[in-house]
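To start, the structure itself, in structure tokens.
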Amino acid sequence: MRRFAILLLASLLGLLAACSSLGTAVLLGRDLHFTAQQLQAQLDRKFPRDYRKLGGLLSFSLLNPRLSLPGGGRLRLDLDIGIGGLGQASRAAAGHFTLESGLRFDAGTRGLHLDNPEIVQVDVPQLGGAMNDPARAMLNSWLLDYAREEPVYRLDDSAYGRIASRRIQRVDIDTGRITLRLD
């Protein structure tokens with residue numbers, strides 16, 4: 001009997017690992033879990049993204065998102081940035097920046113959005129290595145709009161259906177895993 005219980009537990013753990021690798025959120029008890037790879041897969045489909053500012057005189061592209069979950073309640077997102085002008089977006093990386101952020105759940109988008117994002121590092125050699133005030137204002141404007149409007153991860157119908165009648169108490173970010181804590 002004990003051998004059967006161990007075999008059953010090992011099978012369930014293997015099934016959970018397979019679900020995570022396929023991109024399916026895993027519901028364990030009152031918690032819904034996501035991996036960094038699941039968020040990365042959705043980000044990869046959303047980028048590159050082009051933006052125009054100052055009536056098209058300045059444009060920039062955000063490229064190659066790289067998400068990590070170092071723990072401590074925040075995620076880390078590294079992005080390359082291409083800078084263009086006169087309506088021509090550049091898909092060539094001119095530098096990169098790093099932001100850290102918490103996450104919040106928005107029922108309207110059925111997604112996880114950046115929460116209190118903060119730019120922690122910028123390296124744009126075309127601008128002398130550091131970011132000048134107009135470029136920083138442009139990047140911060142994008143960041144606020146992105147955090148408000150665009151989810152980093154959108155729950156699929158299956159995951160949303162499993163939590164639809166529950167309230168999400170909070171979103172926890174641990175090393176390598178995001179957990180939606182349900183009531």
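Chain labels follow the order of the structure tokens: the first chain is A, the next B, and so on; residue numbering restarts at 1 in every chain, and ligands are counted from 1 in their shown order.
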
Selection near Leu58 of chain A, 6 Å with only C-alpha atoms, sequence-local residues under 4 positions removed, as a PDB file with N, CA and C atoms, in the first residue's frame:
ATOM      1  N   ARG A  52       5.725  55.528 -31.516  1.00  0.00           N
ATOM      2  CA  ARG A  52       6.080  56.828 -32.093  1.00  0.00           C
ATOM      3  C   ARG A  52       5.770  57.911 -31.069  1.00  0.00           C
ATOM      4  N   LYS A  53       6.649  58.872 -30.992  1.00  0.00           N
ATOM      5  CA  LYS A  53       6.475  60.005 -30.090  1.00  0.00           C
ATOM      6  C   LYS A  53       6.752  61.294 -30.849  1.00  0.00           C
ATOM      7  N   GLY A  85      14.011  57.634 -36.082  1.00  0.00           N
ATOM      8  CA  GLY A  85      13.481  58.981 -36.219  1.00  0.00           C
ATOM      9  C   GLY A  85      12.710  59.131 -37.513  1.00  0.00           C
TER      10      GLY A  85
END

Skip Pro48 of chain A itself and residues of its chain fewer than 4 positions away, then list as a list in words all residues within 12 Å of it, counting only C-alpha atoms.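 Skipping anything fewer than 4 positions along the chain leaves Leu43, Asp44, Phe60, Ser61, Leu62, Leu63, Asn64, Pro65, Leu79, Asp80, Ile81, Gly82, Ala89, Ser90, Arg91, Ala92 and Ala93 of chain A.
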
Preceding selection exported with N, CA and C atoms as an mmCIF file, in the first residue's frame:
data_model
loop_
_atom_site.group_PDB
_atom_site.id
_atom_site.type_symbol
_atom_site.label_atom_id
_atom_site.label_comp_id
_atom_site.auth_asym_id
_atom_site.auth_seq_id
_atom_site.Cartn_x
_atom_site.Cartn_y
_atom_site.Cartn_z
ATOM 1 N N LEU A 43 5.255 36.825 -23.535
ATOM 2 C CA LEU A 43 6.004 38.037 -23.896
ATOM 3 C C LEU A 43 6.641 37.898 -25.268
ATOM 4 N N ASP A 44 7.177 36.726 -25.570
ATOM 5 C CA ASP A 44 7.827 36.505 -26.863
ATOM 6 C C ASP A 44 6.870 36.733 -28.027
ATOM 7 N N PHE A 60 10.705 54.473 -31.254
ATOM 8 C CA PHE A 60 11.553 53.463 -30.630
ATOM 9 C C PHE A 60 10.864 52.118 -30.698
ATOM 10 N N SER A 61 11.685 51.092 -30.662
ATOM 11 C CA SER A 61 11.201 49.715 -30.667
ATOM 12 C C SER A 61 11.706 49.027 -29.418
ATOM 13 N N LEU A 62 10.848 48.221 -28.831
ATOM 14 C CA LEU A 62 11.262 47.388 -27.706
ATOM 15 C C LEU A 62 11.363 45.962 -28.224
ATOM 16 N N LEU A 63 12.492 45.346 -27.942
ATOM 17 C CA LEU A 63 12.850 44.061 -28.526
ATOM 18 C C LEU A 63 13.330 43.084 -27.457
ATOM 19 N N ASN A 64 13.248 41.825 -27.770
ATOM 20 C CA ASN A 64 13.892 40.756 -27.005
ATOM 21 C C ASN A 64 13.630 40.804 -25.502
ATOM 22 N N PRO A 65 12.378 40.685 -25.066
ATOM 23 C CA PRO A 65 12.120 40.695 -23.624
ATOM 24 C C PRO A 65 12.714 39.447 -22.977
ATOM 25 N N LEU A 79 14.913 44.448 -21.523
ATOM 26 C CA LEU A 79 14.461 44.708 -22.886
ATOM 27 C C LEU A 79 15.551 45.448 -23.650
ATOM 28 N N ASP A 80 15.703 45.102 -24.925
ATOM 29 C CA ASP A 80 16.557 45.873 -25.809
ATOM 30 C C ASP A 80 15.703 46.990 -26.388
ATOM 31 N N ILE A 81 16.341 48.105 -26.712
ATOM 32 C CA ILE A 81 15.625 49.242 -27.270
ATOM 33 C C ILE A 81 16.307 49.681 -28.556
ATOM 34 N N GLY A 82 15.500 49.884 -29.590
ATOM 35 C CA GLY A 82 15.972 50.434 -30.855
ATOM 36 C C GLY A 82 15.424 51.843 -30.990
ATOM 37 N N ALA A 89 10.980 53.233 -37.353
ATOM 38 C CA ALA A 89 11.346 52.509 -36.140
ATOM 39 C C ALA A 89 12.568 51.652 -36.435
ATOM 40 N N SER A 90 13.397 51.523 -35.472
ATOM 41 C CA SER A 90 14.603 50.720 -35.647
ATOM 42 C C SER A 90 14.443 49.390 -34.930
ATOM 43 N N ARG A 91 14.691 48.318 -35.644
ATOM 44 C CA ARG A 91 14.644 46.988 -35.043
ATOM 45 C C ARG A 91 16.037 46.513 -34.630
ATOM 46 N N ALA A 92 17.021 47.391 -34.756
ATOM 47 C CA ALA A 92 18.378 47.069 -34.311
ATOM 48 C C ALA A 92 18.536 47.595 -32.883
ATOM 49 N N ALA A 93 19.035 46.762 -32.009
ATOM 50 C CA ALA A 93 19.200 47.160 -30.616
ATOM 51 C C ALA A 93 20.251 48.251 -30.498
#

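Considering the residues A:Asp31, A:Asp123, A:Asp50, A:Glu150 and counting only C-alpha atoms, Arg166 of chain A has its shortest atom-to-atom contact with A:Asp31.
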
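In terms of minimum interatomic distance to Arg104 of chain A, A:Arg170 ranks closest within A:Arg154, A:Arg136, A:Arg170, A:Arg76, counting only C-alpha atoms.
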